[in-house]
file my_file_21.cif (mmCIF, C-alpha atoms (C1' of nucleotides))
data_coords
loop_
_atom_site.label_atom_id
_atom_site.label_comp_id
_atom_site.auth_asym_id
_atom_site.auth_seq_id
_atom_site.Cartn_x
_atom_site.Cartn_y
_atom_site.Cartn_z
CA MET K 266 -67.59 -13.66 45.89
CA LYS K 267 -64.40 -11.80 45.26
CA THR K 268 -62.73 -10.09 48.18
CA PHE K 269 -59.97 -7.48 48.20
CA SER K 270 -56.76 -6.92 50.05
CA ILE K 271 -56.28 -3.44 51.47
CA GLY K 272 -53.83 -2.70 48.67
CA GLU K 273 -56.32 -3.68 45.98
CA LEU K 274 -58.98 -1.59 47.64
CA ALA K 275 -56.54 1.31 47.81
CA THR K 276 -55.69 1.05 44.13
CA ALA K 277 -59.33 0.68 43.15
CA SER K 278 -60.51 3.65 45.17
CA GLY K 279 -57.53 5.96 44.98
CA VAL K 280 -57.23 6.12 48.77
CA ALA K 281 -53.92 5.20 50.41
CA THR K 282 -53.82 2.01 52.47
CA GLN K 283 -52.84 3.95 55.59
CA THR K 284 -55.81 6.21 55.06
CA ILE K 285 -58.13 3.20 54.84
CA ARG K 286 -56.73 1.93 58.15
CA PHE K 287 -57.16 5.43 59.54
CA TYR K 288 -60.82 5.51 58.47
CA GLU K 289 -61.31 2.14 60.13
CA GLN K 290 -59.77 3.45 63.32
CA GLN K 291 -62.04 6.50 63.12
CA GLY K 292 -65.11 4.33 62.79
CA LEU K 293 -65.88 5.25 59.18
CA MET K 294 -64.97 1.90 57.69
CA PRO K 295 -66.12 -1.22 59.55
CA GLU K 296 -63.48 -3.69 60.69
CA PRO K 297 -63.20 -6.23 57.88
CA ARG K 298 -62.70 -9.96 58.25
CA ARG K 299 -59.12 -11.15 58.45
CA THR K 300 -57.24 -14.00 56.81
CA GLU K 301 -55.46 -16.55 58.97
CA SER K 302 -52.36 -14.43 58.73
CA ASN K 303 -54.31 -11.41 59.94
CA TYR K 304 -54.57 -9.65 56.59
CA ARG K 305 -57.69 -7.56 56.01
CA ARG K 306 -60.12 -8.91 53.39
CA TYR K 307 -62.74 -6.51 52.08
CA PRO K 308 -66.02 -7.36 50.40
CA HIS K 309 -67.11 -5.50 47.29
CA GLU K 310 -69.26 -3.08 49.35
CA ALA K 311 -66.19 -1.68 51.05
CA ALA K 312 -65.26 0.08 47.82
CA ASP K 313 -68.69 1.74 47.66
CA ARG K 314 -68.42 2.90 51.22
CA LEU K 315 -64.99 4.31 50.59
CA GLN K 316 -66.32 6.12 47.54
CA PHE K 317 -69.11 7.56 49.64
CA ILE K 318 -66.55 8.91 52.08
CA VAL K 319 -64.43 10.40 49.31
CA HIS K 320 -67.42 12.06 47.68
CA ALA K 321 -68.85 13.39 50.91
CA LYS K 322 -65.48 14.94 51.65
CA GLN K 323 -65.50 16.56 48.21
CA TRP K 324 -68.87 17.97 49.13
CA GLY K 325 -67.27 19.65 52.08
CA PHE K 326 -68.36 17.31 54.83
CA THR K 327 -65.92 16.72 57.67
CA LEU K 328 -65.10 13.18 58.73
CA ASP K 329 -67.35 13.64 61.76
CA GLU K 330 -70.24 14.57 59.53
CA VAL K 331 -69.49 11.72 57.15
CA ARG K 332 -69.54 9.35 60.09
CA GLU K 333 -72.95 10.71 61.07
CA LEU K 334 -74.28 10.05 57.60
CA LEU K 335 -72.80 6.57 57.48
CA THR K 336 -74.14 5.67 60.90
CA LEU K 337 -77.51 6.85 59.72
CA GLN K 338 -77.30 4.61 56.69
CA ASP K 339 -76.09 1.64 58.70
CA ALA K 340 -79.07 1.98 61.01
CA ASN K 341 -81.35 2.91 58.13
CA GLY K 342 -82.21 5.92 60.28
CA ASP K 343 -84.45 8.87 59.77
CA ARG K 344 -84.36 10.76 56.52
CA ALA K 345 -85.15 13.89 58.50
CA GLU K 346 -81.83 13.44 60.24
CA ALA K 347 -79.92 13.24 56.97
CA LYS K 348 -81.71 16.33 55.77
CA ARG K 349 -80.80 18.17 58.95
CA ILE K 350 -77.11 17.30 58.57
CA ALA K 351 -77.09 18.41 54.95
CA ALA K 352 -79.06 21.57 55.65
CA GLU K 353 -76.67 22.56 58.43
CA LYS K 354 -73.74 21.96 56.14
CA LEU K 355 -75.44 24.08 53.50
CA GLN K 356 -75.76 26.90 56.02
CA LYS K 357 -72.10 26.69 56.89
CA ILE K 358 -71.07 26.67 53.28
CA ARG K 359 -73.24 29.66 52.50
CA SER K 360 -71.77 31.65 55.33
CA GLN K 361 -68.28 30.70 54.23
CA ILE K 362 -69.13 31.98 50.77
CA GLN K 363 -70.43 35.20 52.27
CA SER K 364 -67.22 35.95 54.17
CA LEU K 365 -65.08 35.07 51.21
CA ARG K 366 -67.10 37.33 48.97
CA ARG K 367 -66.65 40.22 51.36
CA ILE K 368 -62.92 39.61 51.38
CA GLU K 369 -62.86 39.25 47.63
CA ALA K 370 -64.58 42.58 47.11
CA VAL K 371 -62.18 44.55 49.29
CA LEU K 372 -59.13 42.78 48.02
CA ALA K 373 -60.14 43.20 44.37
CA LYS K 374 -60.73 46.89 44.92
CA THR K 375 -57.36 47.57 46.49
CA VAL K 376 -55.45 45.40 44.02
CA ASP K 377 -57.12 47.36 41.30
CA GLU K 378 -56.17 50.66 42.88
CA CYS K 379 -52.53 49.71 43.34
CA SER K 380 -50.37 50.87 40.44
CA GLY K 381 -47.77 48.23 41.20
CA GLU K 382 -45.09 50.88 40.73
CA GLY K 383 -42.78 52.42 43.24
CA ALA K 384 -42.09 51.71 46.87
CA VAL K 385 -44.54 50.03 49.20
CA ALA K 386 -44.92 53.18 51.28
CA GLY K 387 -48.37 54.53 50.51
CA CYS K 388 -49.43 51.39 48.64
CA PRO K 389 -53.24 51.25 48.71
CA ILE K 390 -53.26 47.56 49.59
CA VAL K 391 -51.02 47.96 52.59
CA GLU K 392 -52.80 51.11 53.68
CA ALA K 393 -56.16 49.48 53.41
CA ILE K 394 -55.09 46.56 55.58
CA ALA K 395 -53.57 48.91 58.13
CA ASP K 396 -56.77 50.98 58.27
CA ASN K 397 -59.03 47.96 57.86
CA ALA K 398 -60.86 49.75 55.09
CA MET B 257 -42.95 58.62 74.94
CA LYS B 258 -45.29 56.13 76.54
CA THR B 259 -44.46 52.47 76.30
CA PHE B 260 -46.64 49.44 76.98
CA SER B 261 -46.34 46.20 78.84
CA ILE B 262 -47.40 43.11 76.94
CA GLY B 263 -50.60 43.03 78.98
CA GLU B 264 -51.49 46.61 78.10
CA LEU B 265 -50.79 45.91 74.46
CA ALA B 266 -52.97 42.81 74.69
CA THR B 267 -55.87 44.72 76.21
CA ALA B 268 -55.50 47.55 73.73
CA SER B 269 -55.40 45.31 70.68
CA GLY B 270 -57.64 42.46 71.75
CA VAL B 271 -54.91 39.91 71.16
CA ALA B 272 -53.90 37.59 74.02
CA THR B 273 -50.45 38.07 75.54
CA GLN B 274 -49.44 34.54 74.59
CA THR B 275 -50.46 35.24 71.03
CA ILE B 276 -48.28 38.35 70.97
CA ARG B 277 -45.34 36.27 72.15
CA PHE B 278 -46.23 33.69 69.54
CA TYR B 279 -46.19 36.34 66.80
CA GLU B 280 -42.83 37.49 68.05
CA GLN B 281 -41.52 33.96 67.88
CA GLN B 282 -42.90 33.65 64.35
CA GLY B 283 -41.11 36.79 63.28
CA LEU B 284 -44.24 38.91 62.81
CA MET B 285 -43.63 41.18 65.77
CA PRO B 286 -40.09 42.45 66.33
CA GLU B 287 -38.41 41.66 69.62
CA PRO B 288 -39.14 44.64 71.84
CA ARG B 289 -36.79 46.23 74.33
CA ARG B 290 -36.79 44.80 77.82
CA THR B 291 -36.87 46.37 81.26
CA GLU B 292 -34.15 45.53 83.76
CA SER B 293 -36.36 42.75 85.05
CA ASN B 294 -36.69 41.37 81.52
CA TYR B 295 -40.25 42.54 80.90
CA ARG B 296 -41.13 43.46 77.32
CA ARG B 297 -41.78 47.17 76.68
CA TYR B 298 -43.55 48.07 73.48
CA PRO B 299 -43.56 51.39 71.69
CA HIS B 300 -46.79 52.85 70.37
CA GLU B 301 -46.10 51.46 66.86
CA ALA B 302 -46.35 47.92 68.16
CA ALA B 303 -50.12 48.35 68.49
CA ASP B 304 -50.39 49.45 64.85
CA ARG B 305 -48.38 46.49 63.71
CA LEU B 306 -50.53 44.14 65.73
CA GLN B 307 -53.63 45.70 64.21
CA PHE B 308 -52.17 45.20 60.77
CA ILE B 309 -51.69 41.51 61.53
CA VAL B 310 -55.22 41.15 62.88
CA HIS B 311 -56.73 42.88 59.87
CA ALA B 312 -54.66 40.98 57.34
CA LYS B 313 -55.82 37.75 58.94
CA GLN B 314 -59.41 38.92 58.66
CA TRP B 315 -58.73 39.49 54.99
CA GLY B 316 -57.79 35.86 54.70
CA PHE B 317 -54.01 36.15 54.66
CA THR B 318 -52.07 33.37 56.37
CA LEU B 319 -49.39 34.28 58.89
CA ASP B 320 -46.75 33.49 56.26
CA GLU B 321 -48.33 35.96 53.89
CA VAL B 322 -48.70 38.56 56.60
CA ARG B 323 -45.01 38.16 57.35
CA GLU B 324 -44.23 38.73 53.69
CA LEU B 325 -46.23 41.93 53.71
CA LEU B 326 -44.64 43.13 56.93
CA THR B 327 -41.13 42.34 55.71
CA LEU B 328 -41.94 44.31 52.61
CA GLN B 329 -43.02 47.27 54.68
CA ASP B 330 -40.03 47.02 56.96
CA ALA B 331 -37.72 47.16 53.98
CA ASN B 332 -39.97 49.67 52.21
CA GLY B 333 -39.82 47.20 49.35
CA ASP B 334 -41.43 47.10 45.95
CA ARG B 335 -45.07 47.93 45.58
CA ALA B 336 -45.19 45.44 42.73
CA GLU B 337 -44.35 42.74 45.26
CA ALA B 338 -47.23 43.73 47.54
CA LYS B 339 -49.53 43.73 44.56
CA ARG B 340 -48.35 40.27 43.56
CA ILE B 341 -49.03 38.88 47.05
CA ALA B 342 -52.49 40.42 47.14
CA ALA B 343 -53.32 39.34 43.61
CA GLU B 344 -52.29 35.77 44.35
CA LYS B 345 -54.44 35.79 47.46
CA LEU B 346 -57.31 37.15 45.42
CA GLN B 347 -56.90 34.24 43.01
CA LYS B 348 -56.97 31.73 45.85
CA ILE B 349 -60.03 33.32 47.37
CA ARG B 350 -61.85 33.33 44.06
CA SER B 351 -61.14 29.69 43.48
CA GLN B 352 -62.28 28.87 47.00
CA ILE B 353 -65.51 30.69 46.27
CA GLN B 354 -65.87 28.73 43.05
CA SER B 355 -65.57 25.35 44.75
CA LEU B 356 -67.89 26.36 47.53
CA ARG B 357 -70.47 27.57 45.06
CA ARG B 358 -70.36 24.28 43.21
CA ILE B 359 -70.85 22.44 46.48
CA GLU B 360 -73.61 24.81 47.50
CA ALA B 361 -75.52 24.24 44.27
CA VAL B 362 -75.49 20.45 44.53
CA LEU B 363 -76.20 20.44 48.21
CA ALA B 364 -79.06 22.92 47.90
CA LYS B 365 -80.60 20.84 45.13
CA THR B 366 -80.53 17.58 47.05
CA VAL B 367 -81.69 19.14 50.31
CA ASP B 368 -84.57 20.58 48.37
CA GLU B 369 -85.39 17.23 46.82
CA CYS B 370 -85.36 15.39 50.11
CA SER B 371 -88.79 15.19 51.68
CA GLY B 372 -87.34 14.69 55.12
CA GLU B 373 -89.84 11.93 55.70
CA GLY B 374 -89.31 8.23 56.10
CA ALA B 375 -86.19 6.09 56.32
CA VAL B 376 -82.83 7.12 54.97
CA ALA B 377 -82.88 4.37 52.36
CA GLY B 378 -83.43 6.08 49.01
CA CYS B 379 -82.87 9.55 50.44
CA PRO B 380 -81.83 11.83 47.57
CA ILE B 381 -79.02 13.39 49.60
CA VAL B 382 -77.43 10.11 50.51
CA GLU B 383 -77.93 8.73 47.01
CA ALA B 384 -76.40 11.77 45.42
CA ILE B 385 -73.31 11.53 47.57
CA ALA B 386 -73.00 7.83 46.83
CA ASP B 387 -73.29 8.45 43.09
CA ASN B 388 -71.33 11.69 43.19
CA ALA B 389 -74.10 13.38 41.26
"C1'" DC F 172 -35.18 -20.57 49.04
"C1'" DT F 173 -34.35 -15.96 48.60
"C1'" DT F 174 -35.80 -11.54 47.38
"C1'" DG F 175 -39.03 -8.00 46.84
"C1'" DA F 176 -43.61 -6.62 47.23
"C1'" DC F 177 -46.99 -6.84 50.12
"C1'" DC F 178 -49.23 -6.81 54.94
"C1'" DC F 179 -49.39 -5.84 60.27
"C1'" DT F 180 -49.33 -2.54 64.63
"C1'" DA F 181 -48.28 1.34 67.46
"C1'" DA F 182 -46.59 5.62 67.80
"C1'" DA F 183 -44.75 9.83 66.32
"C1'" DG F 184 -44.71 13.62 62.94
"C1'" DT F 185 -47.03 17.23 59.88
"C1'" DT F 186 -49.45 21.88 59.16
"C1'" DG F 187 -51.32 26.24 60.97
"C1'" DT F 188 -52.59 28.95 64.65
"C1'" DC F 189 -52.69 29.26 68.56
"C1'" DT F 190 -53.79 27.76 73.94
"C1'" DT F 191 -52.47 25.61 78.07
"C1'" DT F 192 -49.43 24.12 81.56
"C1'" DA F 193 -45.59 24.17 84.65
"C1'" DA F 194 -42.56 26.48 87.32
"C1'" DG F 195 -41.05 30.13 88.44
"C1'" DG F 196 -39.62 35.87 89.06
"C1'" DT F 197 -41.58 40.98 89.73
"C1'" DT F 198 -44.45 44.74 90.94
"C1'" DA F 199 -48.35 47.24 92.68
"C1'" DT F 200 -51.81 47.57 96.36
"C1'" DG F 201 -53.66 47.72 100.98
"C1'" DC N 270 -44.83 43.09 103.85
"C1'" DA N 271 -48.11 39.86 102.23
"C1'" DT N 272 -50.57 38.82 98.45
"C1'" DA N 273 -52.66 39.28 94.08
"C1'" DA N 274 -51.84 40.42 89.63
"C1'" DC N 275 -48.66 40.82 86.66
"C1'" DC N 276 -44.41 39.06 83.90
"C1'" DT N 277 -40.81 35.26 82.20
"C1'" DT N 278 -39.51 30.72 79.55
"C1'" DA N 279 -39.95 26.19 77.57
"C1'" DA N 280 -42.69 22.67 76.46
"C1'" DA N 281 -46.86 20.29 75.74
"C1'" DG N 282 -51.58 20.08 74.03
"C1'" DA N 283 -55.49 20.97 70.71
"C1'" DC N 284 -57.68 20.44 66.25
"C1'" DA N 285 -58.32 17.84 61.38
"C1'" DA N 286 -56.98 14.62 58.52
"C1'" DC N 287 -53.81 12.44 57.55
"C1'" DT N 288 -48.51 10.75 56.68
"C1'" DT N 289 -44.36 8.80 58.19
"C1'" DT N 290 -41.50 5.84 60.81
"C1'" DA N 291 -39.98 1.80 63.11
"C1'" DG N 292 -39.96 -2.83 63.45
"C1'" DG N 293 -41.67 -6.53 62.22
"C1'" DG N 294 -44.54 -10.84 59.59
"C1'" DT N 295 -46.25 -13.08 54.88
"C1'" DC N 296 -46.51 -14.42 50.20
"C1'" DA N 297 -45.47 -14.96 45.12
"C1'" DA N 298 -41.96 -15.21 41.51
"C1'" DG N 299 -37.83 -16.90 39.76
#
call {"tool": "encode", "arguments": {"input": "my_file_21.cif", "output": "structure tokens"}}
result
Amino acid sequence: MKTFSIGELATASGVATQTIRFYEQQGLMPEPRRTESNYRRYPHEAADRLQFIVHAKQWGFTLDEVRELLTLQDANGDRAEAKRIAAEKLQKIRSQIQSLRRIEAVLAKTVDECSGEGAVAGCPIVEAIADNA
Amino acid sequence: MKTFSIGELATASGVATQTIRFYEQQGLMPEPRRTESNYRRYPHEAADRLQFIVHAKQWGFTLDEVRELLTLQDANGDRAEAKRIAAEKLQKIRSQIQSLRRIEAVLAKTVDECSGEGAVAGCPIVEAIADNA
DNA sequence: CTTGACCCTAAAGTTGTCTTTAAGGTTATG
DNA sequence: CATAACCTTAAAGACAACTTTAGGGTCAAG
């Protein structure tokens, strides 16, 4: 079975070698076997695991949360647990969206109101921030 | 005219004294006058400026952006400039909302699909992340 | 058999926004 | 006039998720 050097894994997965070592140090990637000269050799599955990490991050999970999910998989743990982690993340994301939407509304309104002409004194944007409209 | 110690300003504005000093160091708050014993004395306007900073942060502006806005006000600069800063921020916020909404949709779907029962093997959430659905 | 591309570790640096600590000096109160 | 509650500075620490640096060892091509 073909194995990979850290560089090959990096190229294949689009993750820098240092980052792979960092993930190992953080307990996200398991310690791989080593060659006689102490070089890391990764099995095929390492690429999948790395992809999982990359995707989970794209989904907004922190490394801590990704580690939770991976640990769960490694132990073939409870599906309820995975659902809990994802549901909590969903909550967080929804509340982030809520605050951003509030900000968006106010900001859009003031930007719209500002003529963009003249001096900043009296500018609706600046005034609104000052007054916390 | 009444002046304030840093502690009074902190209490009045809800910003910690160290944070006020930090803002001064970052060029957001001007260096105030000092008493003979080297204590900072703030004029009334300092509280307004601090409030502006607090509000702008709540609106999602970074300290760098807040400094831009304050510099603009200090120089009574161009309103067009203020509008540009706000419009750029609006763009950023909208694109943040977009990514979060995409994440929310996928996450909500998989959480919904997951029964929450049984082992994590085959769990729709975990599978979806692995496959980057 | 040398040169350049790889690999190794440990530690320090980055970014943003503070907070905490250390080691003092000052002022207000009882 | 002692003591607590303020104030001062400079520097270090915290957090996330890396990136960079320093100082080496190894391996493949020509």
call {"tool": "resolve_selection", "arguments": {"input": "my_file_21.cif", "expression": "the PyMOL selection byres ((chain B and resi 338) around 10)", "output": "count of residues only"}}
result
25
call {"tool": "resolve_selection", "arguments": {"input": "my_file_21.cif", "expression": "the PyMOL selection byres ((chain N) within 10 of (chain K))", "output": "VMD selection string"}}
result
chain N and resid 285 to 288 294 to 295
call {"tool": "write_last_selection", "arguments": {"input": "my_file_21.cif", "atoms": "C-alpha atoms (C1' of nucleotides)", "output": "mmCIF file, in the coordinates of the input"}}
result
data_model
loop_
_atom_site.group_PDB
_atom_site.id
_atom_site.type_symbol
_atom_site.label_atom_id
_atom_site.label_comp_id
_atom_site.auth_asym_id
_atom_site.auth_seq_id
_atom_site.Cartn_x
_atom_site.Cartn_y
_atom_site.Cartn_z
ATOM 1 C "C1'" DA N 285 -58.320 17.840 61.380
ATOM 2 C "C1'" DA N 286 -56.980 14.620 58.520
ATOM 3 C "C1'" DC N 287 -53.810 12.440 57.550
ATOM 4 C "C1'" DT N 288 -48.510 10.750 56.680
ATOM 5 C "C1'" DG N 294 -44.540 -10.840 59.590
ATOM 6 C "C1'" DT N 295 -46.250 -13.080 54.880
#
call {"tool": "interface_residues", "arguments": {"input": "my_file_21.cif", "of": "chain K", "to": "chain F", "cutoff": "12 Å", "atoms": "all atoms listed in the file", "output": "PyMOL selection string"}}
result
chain K and resi 270-273+282-283+286+299-300+302-306
call {"tool": "residues_near_point", "arguments": {"input": "my_file_21.cif", "point": "(-63.0, 5.5, 54.8)", "cutoff": "9 Å", "atoms": "all atoms listed in the file", "output": "PyMOL selection string"}}
result
chain K and resi 280+284-289+291-295+311+314-319+328
call {"tool": "resolve_selection", "arguments": {"input": "my_file_21.cif", "expression": "the PyMOL selection byres ((chain B and resi 299) around 8)", "output": "count of residues only"}}
result
10
call {"tool": "closest_residue", "arguments": {"input": "my_file_21.cif", "among": "K:Lys374, K:Glu301, K:Gly325, K:Glu369", "to": "K:Leu355", "atoms": "all atoms listed in the file"}}
result
K:Gly325
call {"tool": "closest_residue", "arguments": {"input": "my_file_21.cif", "among": "B:Asp330, B:Ile385, B:Ala266, B:Ser351", "to": "chain K", "atoms": "all atoms listed in the file"}}
result
B:Ile385
call {"tool": "build_atoms", "arguments": {"input": "my_file_21.cif", "residues": "stretch 304-327 of chain B", "atoms": "N, CA and C atoms", "output": "PDB file, in the coordinates of the input"}}
result
ATOM      1  N   ASP B 304     -50.029  49.334  66.260  1.00  0.00           N
ATOM      2  CA  ASP B 304     -50.390  49.450  64.850  1.00  0.00           C
ATOM      3  C   ASP B 304     -50.037  48.165  64.098  1.00  0.00           C
ATOM      4  N   ARG B 305     -48.840  47.689  64.402  1.00  0.00           N
ATOM      5  CA  ARG B 305     -48.380  46.490  63.710  1.00  0.00           C
ATOM      6  C   ARG B 305     -49.281  45.305  64.047  1.00  0.00           C
ATOM      7  N   LEU B 306     -49.639  45.204  65.292  1.00  0.00           N
ATOM      8  CA  LEU B 306     -50.530  44.140  65.730  1.00  0.00           C
ATOM      9  C   LEU B 306     -51.890  44.267  65.036  1.00  0.00           C
ATOM     10  N   GLN B 307     -52.370  45.474  64.909  1.00  0.00           N
ATOM     11  CA  GLN B 307     -53.630  45.700  64.210  1.00  0.00           C
ATOM     12  C   GLN B 307     -53.520  45.288  62.760  1.00  0.00           C
ATOM     13  N   PHE B 308     -52.383  45.595  62.171  1.00  0.00           N
ATOM     14  CA  PHE B 308     -52.170  45.200  60.770  1.00  0.00           C
ATOM     15  C   PHE B 308     -52.290  43.680  60.644  1.00  0.00           C
ATOM     16  N   ILE B 309     -51.651  42.981  61.562  1.00  0.00           N
ATOM     17  CA  ILE B 309     -51.690  41.510  61.530  1.00  0.00           C
ATOM     18  C   ILE B 309     -53.131  41.019  61.667  1.00  0.00           C
ATOM     19  N   VAL B 310     -53.839  41.566  62.641  1.00  0.00           N
ATOM     20  CA  VAL B 310     -55.220  41.150  62.880  1.00  0.00           C
ATOM     21  C   VAL B 310     -56.075  41.392  61.631  1.00  0.00           C
ATOM     22  N   HIS B 311     -55.931  42.562  61.050  1.00  0.00           N
ATOM     23  CA  HIS B 311     -56.730  42.880  59.870  1.00  0.00           C
ATOM     24  C   HIS B 311     -56.367  41.990  58.692  1.00  0.00           C
ATOM     25  N   ALA B 312     -55.080  41.811  58.477  1.00  0.00           N
ATOM     26  CA  ALA B 312     -54.660  40.980  57.340  1.00  0.00           C
ATOM     27  C   ALA B 312     -55.209  39.570  57.488  1.00  0.00           C
ATOM     28  N   LYS B 313     -55.245  39.081  58.721  1.00  0.00           N
ATOM     29  CA  LYS B 313     -55.820  37.750  58.940  1.00  0.00           C
ATOM     30  C   LYS B 313     -57.316  37.753  58.610  1.00  0.00           C
ATOM     31  N   GLN B 314     -57.983  38.826  58.991  1.00  0.00           N
ATOM     32  CA  GLN B 314     -59.410  38.920  58.660  1.00  0.00           C
ATOM     33  C   GLN B 314     -59.608  38.931  57.145  1.00  0.00           C
ATOM     34  N   TRP B 315     -58.651  39.457  56.450  1.00  0.00           N
ATOM     35  CA  TRP B 315     -58.730  39.490  54.990  1.00  0.00           C
ATOM     36  C   TRP B 315     -58.355  38.146  54.380  1.00  0.00           C
ATOM     37  N   GLY B 316     -58.055  37.192  55.213  1.00  0.00           N
ATOM     38  CA  GLY B 316     -57.790  35.860  54.700  1.00  0.00           C
ATOM     39  C   GLY B 316     -56.324  35.546  54.448  1.00  0.00           C
ATOM     40  N   PHE B 317     -55.422  36.448  54.839  1.00  0.00           N
ATOM     41  CA  PHE B 317     -54.010  36.150  54.660  1.00  0.00           C
ATOM     42  C   PHE B 317     -53.543  35.186  55.755  1.00  0.00           C
ATOM     43  N   THR B 318     -52.685  34.257  55.385  1.00  0.00           N
ATOM     44  CA  THR B 318     -52.070  33.370  56.370  1.00  0.00           C
ATOM     45  C   THR B 318     -50.957  34.142  57.074  1.00  0.00           C
ATOM     46  N   LEU B 319     -50.474  33.609  58.182  1.00  0.00           N
ATOM     47  CA  LEU B 319     -49.390  34.280  58.890  1.00  0.00           C
ATOM     48  C   LEU B 319     -48.150  34.397  57.997  1.00  0.00           C
ATOM     49  N   ASP B 320     -47.894  33.415  57.179  1.00  0.00           N
ATOM     50  CA  ASP B 320     -46.750  33.490  56.260  1.00  0.00           C
ATOM     51  C   ASP B 320     -46.895  34.675  55.311  1.00  0.00           C
ATOM     52  N   GLU B 321     -48.087  34.852  54.812  1.00  0.00           N
ATOM     53  CA  GLU B 321     -48.330  35.960  53.890  1.00  0.00           C
ATOM     54  C   GLU B 321     -48.251  37.295  54.610  1.00  0.00           C
ATOM     55  N   VAL B 322     -48.780  37.328  55.810  1.00  0.00           N
ATOM     56  CA  VAL B 322     -48.700  38.560  56.600  1.00  0.00           C
ATOM     57  C   VAL B 322     -47.233  38.913  56.837  1.00  0.00           C
ATOM     58  N   ARG B 323     -46.441  37.886  57.134  1.00  0.00           N
ATOM     59  CA  ARG B 323     -45.010  38.160  57.350  1.00  0.00           C
ATOM     60  C   ARG B 323     -44.372  38.724  56.095  1.00  0.00           C
ATOM     61  N   GLU B 324     -44.754  38.202  54.956  1.00  0.00           N
ATOM     62  CA  GLU B 324     -44.230  38.730  53.690  1.00  0.00           C
ATOM     63  C   GLU B 324     -44.547  40.217  53.559  1.00  0.00           C
ATOM     64  N   LEU B 325     -45.794  40.540  53.836  1.00  0.00           N
ATOM     65  CA  LEU B 325     -46.230  41.930  53.710  1.00  0.00           C
ATOM     66  C   LEU B 325     -45.489  42.829  54.699  1.00  0.00           C
ATOM     67  N   LEU B 326     -45.315  42.340  55.905  1.00  0.00           N
ATOM     68  CA  LEU B 326     -44.640  43.130  56.930  1.00  0.00           C
ATOM     69  C   LEU B 326     -43.158  43.322  56.587  1.00  0.00           C
ATOM     70  N   THR B 327     -42.545  42.262  56.107  1.00  0.00           N
ATOM     71  CA  THR B 327     -41.130  42.340  55.710  1.00  0.00           C
ATOM     72  C   THR B 327     -40.965  43.383  54.619  1.00  0.00           C
TER      73      THR B 327
END
